[in-house]
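Undergrad: The following file, upload28.txt, comprises compact mmCIF, C-alpha atoms:
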```txt
# COMPACT_ATOMS: atom_id res chain seq x y z
CA MET A 1 -83.92 -121.46 -123.31
CA ALA A 2 -87.70 -121.32 -123.07
CA ASP A 3 -90.40 -118.70 -122.69
CA ARG A 4 -92.77 -118.94 -119.74
CA TYR A 5 -96.00 -116.96 -119.25
CA LEU A 6 -97.94 -116.38 -116.05
CA LYS A 7 -101.10 -118.46 -116.45
CA ALA A 8 -102.54 -118.99 -112.96
CA THR A 9 -102.22 -117.60 -109.47
CA GLY A 10 -99.49 -119.54 -107.70
CA ASN A 11 -95.91 -119.88 -106.56
CA TRP A 12 -92.96 -119.30 -108.88
CA ASN A 13 -91.75 -122.90 -108.50
CA ASN A 14 -95.12 -124.48 -109.28
CA ASN A 15 -95.45 -125.76 -112.85
CA ALA A 16 -99.20 -125.13 -112.70
CA THR A 17 -98.47 -121.39 -112.56
CA TRP A 18 -96.91 -121.23 -116.03
CA SER A 19 -97.70 -121.81 -119.70
CA ALA A 20 -95.41 -122.08 -122.71
CA THR A 21 -97.38 -119.54 -124.77
CA ASP A 22 -99.30 -116.38 -123.93
CA GLY A 23 -102.77 -117.57 -122.94
CA GLY A 24 -101.84 -121.22 -123.44
CA ALA A 25 -102.41 -124.19 -121.16
CA ALA A 26 -100.74 -124.29 -117.76
CA GLY A 27 -98.46 -127.09 -116.65
CA VAL A 28 -94.97 -126.48 -118.01
CA SER A 29 -91.71 -126.28 -116.08
CA PHE A 30 -91.27 -123.06 -114.14
CA PRO A 31 -88.65 -120.51 -115.31
CA THR A 32 -85.00 -120.84 -114.37
CA SER A 33 -81.98 -118.67 -115.18
CA ALA A 34 -82.07 -119.77 -118.83
CA ASP A 35 -85.76 -118.92 -119.36
CA ASN A 36 -87.70 -115.73 -120.01
CA ALA A 37 -90.64 -115.00 -117.71
CA TYR A 38 -93.53 -112.92 -119.06
CA ILE A 39 -96.51 -111.32 -117.35
CA THR A 40 -99.02 -110.02 -119.90
CA ALA A 41 -102.64 -108.88 -120.06
CA ASN A 42 -103.58 -112.57 -119.93
CA GLY A 43 -102.27 -112.48 -116.38
CA ASN A 44 -104.66 -109.73 -115.27
CA GLY A 45 -105.87 -110.35 -111.73
CA LEU A 46 -103.40 -113.17 -111.10
CA THR A 47 -100.78 -113.27 -108.35
CA LEU A 48 -97.25 -114.60 -108.83
CA THR A 49 -95.49 -115.32 -105.53
CA VAL A 50 -91.71 -115.64 -105.34
CA ASN A 51 -91.87 -118.24 -102.58
CA VAL A 52 -88.34 -119.66 -102.88
CA SER A 53 -85.10 -118.32 -104.34
CA SER A 54 -86.00 -118.03 -108.03
CA SER A 55 -84.32 -117.10 -111.30
CA CYS A 56 -85.10 -116.07 -114.85
CA LEU A 57 -83.40 -114.57 -117.87
CA ASP A 58 -85.76 -111.68 -118.71
CA LEU A 59 -88.68 -110.74 -116.50
CA ILE A 60 -90.88 -108.71 -118.83
CA CYS A 61 -94.29 -107.34 -117.86
CA SER A 62 -96.36 -105.87 -120.69
CA GLY A 63 -99.81 -105.13 -122.04
CA GLY A 64 -100.88 -103.04 -119.08
CA SER A 65 -101.05 -106.17 -116.94
CA THR A 66 -102.80 -105.82 -113.57
CA ALA A 67 -101.14 -108.89 -112.09
CA THR A 68 -99.64 -108.91 -108.60
CA LEU A 69 -95.98 -109.75 -107.93
CA ALA A 70 -95.60 -110.93 -104.34
CA GLY A 71 -93.24 -112.93 -102.17
CA SER A 72 -90.26 -112.52 -99.88
CA SER A 73 -87.57 -114.77 -101.39
CA GLY A 74 -84.67 -113.70 -103.57
CA LEU A 75 -85.19 -113.18 -107.30
CA ASN A 76 -82.21 -113.48 -109.67
CA VAL A 77 -82.60 -111.76 -113.04
CA PHE A 78 -79.97 -112.65 -115.65
CA ALA A 79 -81.07 -110.13 -118.29
CA THR A 80 -83.73 -107.38 -118.43
CA LEU A 81 -86.32 -106.37 -115.82
CA THR A 82 -89.49 -104.53 -116.88
CA LEU A 83 -92.23 -103.85 -114.34
CA LEU A 84 -95.41 -101.80 -114.86
CA SER A 85 -97.27 -99.03 -113.08
CA THR A 86 -100.50 -100.97 -113.62
CA MET A 87 -99.35 -103.90 -111.48
CA THR A 88 -99.59 -104.42 -107.75
CA ILE A 89 -96.09 -105.13 -106.47
CA SER A 90 -95.77 -106.23 -102.86
CA TYR A 91 -92.57 -108.23 -103.44
CA SER A 92 -90.24 -107.48 -100.52
CA SER A 93 -86.93 -109.32 -100.89
CA THR A 94 -83.98 -108.52 -103.21
CA VAL A 95 -83.76 -108.55 -106.99
CA SER A 96 -80.20 -109.48 -107.98
CA PHE A 97 -79.01 -108.70 -111.50
CA TYR A 98 -76.39 -111.08 -112.91
CA SER A 99 -76.13 -110.28 -116.61
CA THR A 100 -72.71 -109.95 -118.23
CA GLY A 101 -74.22 -108.05 -121.19
CA SER A 102 -76.13 -104.80 -121.70
CA GLU A 103 -79.54 -104.76 -120.00
CA THR A 104 -82.28 -102.33 -118.99
CA VAL A 105 -84.17 -101.92 -115.73
CA THR A 106 -87.68 -100.44 -115.62
CA CYS A 107 -89.47 -100.16 -112.27
CA GLY A 108 -92.76 -98.55 -113.24
CA GLN A 109 -93.59 -97.63 -109.65
CA THR A 110 -92.32 -97.32 -106.09
CA LEU A 111 -91.03 -100.68 -104.84
CA ASN A 112 -90.34 -102.16 -101.42
CA CYS A 113 -87.49 -104.47 -102.37
CA GLY A 114 -83.73 -104.24 -102.68
CA PHE A 115 -81.63 -104.15 -105.86
CA ASP A 116 -78.19 -105.77 -106.14
CA PHE A 117 -76.22 -105.43 -109.38
CA TYR A 118 -73.78 -108.32 -109.53
CA GLY A 119 -73.00 -108.98 -113.18
CA THR A 120 -69.29 -109.02 -113.98
CA GLY A 121 -68.81 -106.98 -117.16
CA GLY A 122 -72.52 -106.21 -117.36
CA THR A 123 -74.03 -102.79 -118.05
CA PHE A 124 -77.37 -101.97 -116.42
CA THR A 125 -79.20 -98.88 -117.67
CA LEU A 126 -82.14 -97.45 -115.74
CA GLN A 127 -85.18 -96.57 -117.85
CA ASP A 128 -87.10 -94.65 -115.18
CA GLU A 129 -86.88 -93.42 -111.61
CA VAL A 130 -85.99 -96.01 -108.98
CA ASN A 131 -87.68 -95.69 -105.59
CA LEU A 132 -86.96 -98.60 -103.27
CA THR A 133 -88.32 -96.79 -100.18
CA ALA A 134 -85.96 -97.83 -97.37
CA GLN A 135 -84.42 -100.87 -99.09
CA ILE A 136 -80.80 -101.36 -100.19
CA PHE A 137 -79.46 -100.35 -103.61
CA ALA A 138 -76.14 -102.17 -104.14
CA VAL A 139 -73.72 -102.01 -107.07
CA ASP A 140 -71.17 -104.76 -106.51
CA LYS A 141 -70.08 -105.71 -110.03
CA GLY A 142 -70.54 -104.32 -113.52
CA THR A 143 -71.58 -100.84 -114.62
CA LEU A 144 -74.66 -98.93 -113.51
CA VAL A 145 -75.87 -96.18 -115.85
CA THR A 146 -78.56 -94.11 -114.17
CA ASN A 147 -79.51 -92.47 -117.48
CA ASN A 148 -80.22 -89.25 -115.52
CA ASN A 149 -82.97 -90.98 -113.52
CA ASN A 150 -83.31 -90.32 -109.80
CA ILE A 151 -82.83 -93.00 -107.14
CA THR A 152 -84.39 -93.15 -103.68
CA CYS A 153 -83.36 -95.92 -101.30
CA GLY A 154 -82.09 -96.79 -97.85
CA GLN A 155 -78.43 -97.73 -98.08
CA PHE A 156 -76.65 -97.05 -101.38
CA ILE A 157 -73.59 -99.25 -101.27
CA SER A 158 -70.71 -100.67 -103.24
CA ASP A 159 -68.76 -102.16 -100.39
CA HIS A 160 -67.07 -105.24 -101.84
CA ALA A 161 -63.61 -105.55 -103.34
CA PHE A 162 -65.01 -106.07 -106.84
CA ALA A 163 -64.75 -103.76 -109.85
CA ALA A 164 -67.87 -101.64 -110.23
CA VAL A 165 -68.59 -98.46 -112.17
CA MET A 166 -71.38 -95.94 -111.62
CA THR A 167 -72.25 -93.31 -114.20
CA LEU A 168 -74.62 -90.93 -112.46
CA GLY A 169 -75.29 -88.24 -115.09
CA SER A 170 -77.62 -85.59 -113.67
CA SER A 171 -79.37 -87.96 -111.26
CA THR A 172 -80.26 -87.16 -107.68
CA VAL A 173 -79.62 -90.05 -105.30
CA THR A 174 -81.47 -89.76 -101.99
CA CYS A 175 -80.35 -92.33 -99.44
CA THR A 176 -79.81 -92.94 -95.74
CA THR A 177 -76.21 -94.14 -96.21
CA TRP A 178 -73.66 -93.83 -99.03
CA GLU A 179 -70.80 -96.31 -98.75
CA MET A 180 -68.23 -96.89 -101.48
CA ALA A 181 -65.35 -99.38 -101.56
CA ARG A 182 -61.86 -99.22 -103.00
CA ALA A 183 -62.73 -101.01 -106.25
CA VAL A 184 -65.50 -98.64 -107.33
CA THR A 185 -65.33 -95.87 -109.95
CA VAL A 186 -67.88 -93.07 -109.64
CA ASN A 187 -68.49 -90.92 -112.72
CA ALA A 188 -70.39 -88.19 -110.90
CA GLY A 189 -71.38 -85.96 -113.81
CA THR A 190 -73.70 -83.24 -112.48
CA SER A 191 -75.37 -85.55 -109.98
CA THR A 192 -76.45 -84.78 -106.44
CA ILE A 193 -76.06 -87.18 -103.51
CA LYS A 194 -78.42 -86.47 -100.61
CA VAL A 195 -77.77 -88.39 -97.40
CA SER A 196 -80.66 -88.05 -94.97
CA GLY A 197 -80.81 -88.54 -91.24
CA THR A 198 -77.50 -89.32 -89.57
CA GLY A 199 -76.24 -91.87 -92.07
CA VAL A 200 -72.66 -92.49 -93.10
CA PHE A 201 -71.11 -90.94 -96.22
CA THR A 202 -68.03 -92.88 -97.35
CA GLY A 203 -66.77 -91.55 -100.68
CA PHE A 204 -63.56 -93.62 -100.81
CA GLY A 205 -61.49 -91.07 -102.70
CA GLN A 206 -63.91 -90.52 -105.56
CA THR A 207 -64.77 -87.07 -106.92
CA TYR A 208 -68.37 -85.95 -106.49
CA ASN A 209 -70.32 -83.06 -107.94
CA ASP A 210 -72.71 -82.16 -105.12
CA VAL A 211 -73.10 -83.93 -101.78
CA GLU A 212 -75.74 -82.81 -99.29
CA LEU A 213 -75.64 -84.12 -95.74
CA ASN A 214 -79.13 -83.29 -94.58
CA GLY A 215 -79.06 -84.67 -91.06
CA THR A 216 -76.65 -84.30 -88.17
CA ALA A 217 -73.70 -86.28 -86.82
CA HIS A 218 -72.70 -87.71 -90.19
CA THR A 219 -69.48 -89.71 -90.29
```
Would you put the structure from the file into structure tokens?

TA:
Amino acid sequence: MADRYLKATGNWNNNATWSATDGGAAGVSFPTSADNAYITANGNGLTLTVNVSSSCLDLICSGGSTATLAGSSGLNVFATLTLLSTMTISYSSTVSFYSTGSETVTCGQTLNCGFDFYGTGGTFTLQDEVNLTAQIFAVDKGTLVTNNNNITCGQFISDHAFAAVMTLGSSTVTCTTWEMARAVTVNAGTSTIKVSGTGVFTGFGQTYNDVELNGTAHT
């Protein structure tokens, strides 16, 4: 395992983009699933582009960094994700979470990418509101704990035959489609599910607290 710091504007898979220490010299191997990726104040004004399918252990942004996270290829995070409100985030693909341990997810701002939780035995706890605009929020494996934070997305799905658990607390989930599968457990708490437009609501036998179908012709 190694630590990697954003050092220069460039693509994720370019060694010239990364340094081994915060503020150190560029030219080390780019992060993989065993490595932590950091974006700090030393990355202010730089742009990191996820240009190919990429992976890291932690992706931690800190120090009020004003860096830009861009790109349209998949990003696999095997531990914690921390983004910042001070950053510019135009990244537009899917962040997939694969941890089998206990991790946190901090968005910091409205995003335009999808989330897919896919860590068998993992627990993923939201630290702030998640707004993915019209992108997909998927819980396929592991446990999602919303921590009473609200979620806004396009499709909210758990539609595979894998074991997944959602603990919703007092969260409000606003989505265009809600689709659950037979292997999911929904701990609804005092949550509210709001399905907008004419999207599908498929509860799959789970008990919900409050479901609002705000459009017409729901199925």

Undergrad: Taking 5 positions as the minimum chain separation for residues in the same chain, which residues sit within 9 Å of Leu168 in chain A when counting all atoms listed in the file? Answer as a list in words.

TA: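 Once the adjacent positions are removed, what remains is Leu144, Val145, Thr146, Asn147, Asn148, Asn149, Val173, Val186, Asn187, Ala188, Gly189, Thr190, Ser191 and Thr192 of chain A.
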
Undergrad: For the residues in that selection, give me C-alpha atoms as a PDB file, keeping the file's coordinate frame.

TA:
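Everything below was put into part.pdb:
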```pdb
ATOM      1  CA  LEU A 144     -74.660 -98.930-113.510  1.00  0.00           C
ATOM      2  CA  VAL A 145     -75.870 -96.180-115.850  1.00  0.00           C
ATOM      3  CA  THR A 146     -78.560 -94.110-114.170  1.00  0.00           C
ATOM      4  CA  ASN A 147     -79.510 -92.470-117.480  1.00  0.00           C
ATOM      5  CA  ASN A 148     -80.220 -89.250-115.520  1.00  0.00           C
ATOM      6  CA  ASN A 149     -82.970 -90.980-113.520  1.00  0.00           C
ATOM      7  CA  VAL A 173     -79.620 -90.050-105.300  1.00  0.00           C
ATOM      8  CA  VAL A 186     -67.880 -93.070-109.640  1.00  0.00           C
ATOM      9  CA  ASN A 187     -68.490 -90.920-112.720  1.00  0.00           C
ATOM     10  CA  ALA A 188     -70.390 -88.190-110.900  1.00  0.00           C
ATOM     11  CA  GLY A 189     -71.380 -85.960-113.810  1.00  0.00           C
ATOM     12  CA  THR A 190     -73.700 -83.240-112.480  1.00  0.00           C
ATOM     13  CA  SER A 191     -75.370 -85.550-109.980  1.00  0.00           C
ATOM     14  CA  THR A 192     -76.450 -84.780-106.440  1.00  0.00           C
TER      15      THR A 192
END
```

Undergrad: Contacts of Asn44 in chain A at 9 Å or less, counting all atoms listed in the file, minus same-chain residues fewer than 4 places along, as a list in words?

TA: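 Final neighbour list, sorted by chain and number: Ile39, Thr40, Gly64, Ser65, Thr66, Ala67, Thr68 and Met87 of chain A.
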
Undergrad: Give me the range 92-137 of chain A side of the contact with range 48-58 of chain A, cut-off 12 Å, one line per residue showing its nearest atom pair and distance in Å at one decimal, counting all atoms listed in the file, sorted by chain and residue number, as CSV.

TA:
```
residue,atom,partner,partner_atom,distance
A:Ser92,CA,A:Val50,CA,9.6
A:Ser93,CA,A:Val50,CA,9.1
A:Thr94,CA,A:Ser53,CA,9.9
A:Val95,CA,A:Ser55,CA,9.6
A:Ser96,CA,A:Ser55,CA,9.3
A:Phe97,CA,A:Leu57,CA,9.7
A:Tyr98,CA,A:Leu57,CA,9.3
A:Ser99,CA,A:Leu57,CA,8.5
A:Thr100,CA,A:Leu57,CA,11.7
A:Gly101,CA,A:Leu57,CA,11.7
A:Glu103,CA,A:Asp58,CA,9.4
A:Thr104,CA,A:Asp58,CA,10.0
A:Val105,CA,A:Asp58,CA,10.3
A:Thr106,CA,A:Asp58,CA,11.8
```

Undergrad: So which one's closest to Ala79 in chain A, A:Gly119, A:Gly10, A:Gly205, A:Pro31? Using all atoms listed in the file, please.

TA: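 Smallest separation from Ala79 in chain A among the options: A:Gly119.
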
Undergrad: Work out how far CA of Asn13 in chain A is from CA of Ile60 in chain A, in Å to one decimal.

TA: 17.6 Å

Undergrad: To one decimal place, how far is CA of Asp116 in chain A from CA of Asp35 in chain A in Å?

TA: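 Between CA of Asp116 in chain A and CA of Asp35 in chain A the gap works out to 20.1 Å.
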
Undergrad: List as a PDB file with C-alpha atoms, keeping the file's coordinate frame the protein and nucleic acid residues near Ile151 in chain A, meaning an atom at most 8 Å away when all atoms listed in the file are counted, but skip any in the same chain fewer than 4 places from it.

TA:
```pdb
ATOM      1  CA  GLU A 129     -86.880 -93.420-111.610  1.00  0.00           C
ATOM      2  CA  VAL A 130     -85.990 -96.010-108.980  1.00  0.00           C
ATOM      3  CA  ASN A 131     -87.680 -95.690-105.590  1.00  0.00           C
ATOM      4  CA  LEU A 132     -86.960 -98.600-103.270  1.00  0.00           C
ATOM      5  CA  SER A 171     -79.370 -87.960-111.260  1.00  0.00           C
ATOM      6  CA  THR A 172     -80.260 -87.160-107.680  1.00  0.00           C
ATOM      7  CA  VAL A 173     -79.620 -90.050-105.300  1.00  0.00           C
ATOM      8  CA  THR A 174     -81.470 -89.760-101.990  1.00  0.00           C
TER       9      THR A 174
END
```

Undergrad: Any idea what's packed within 6 Å of Ser19 in chain A, counting only C-alpha atoms, ignoring anything in its chain fewer than 4 positions away? Could you give it as an MDAnalysis selection string?

TA: chainID A and resid 4:5 7 24:26 28
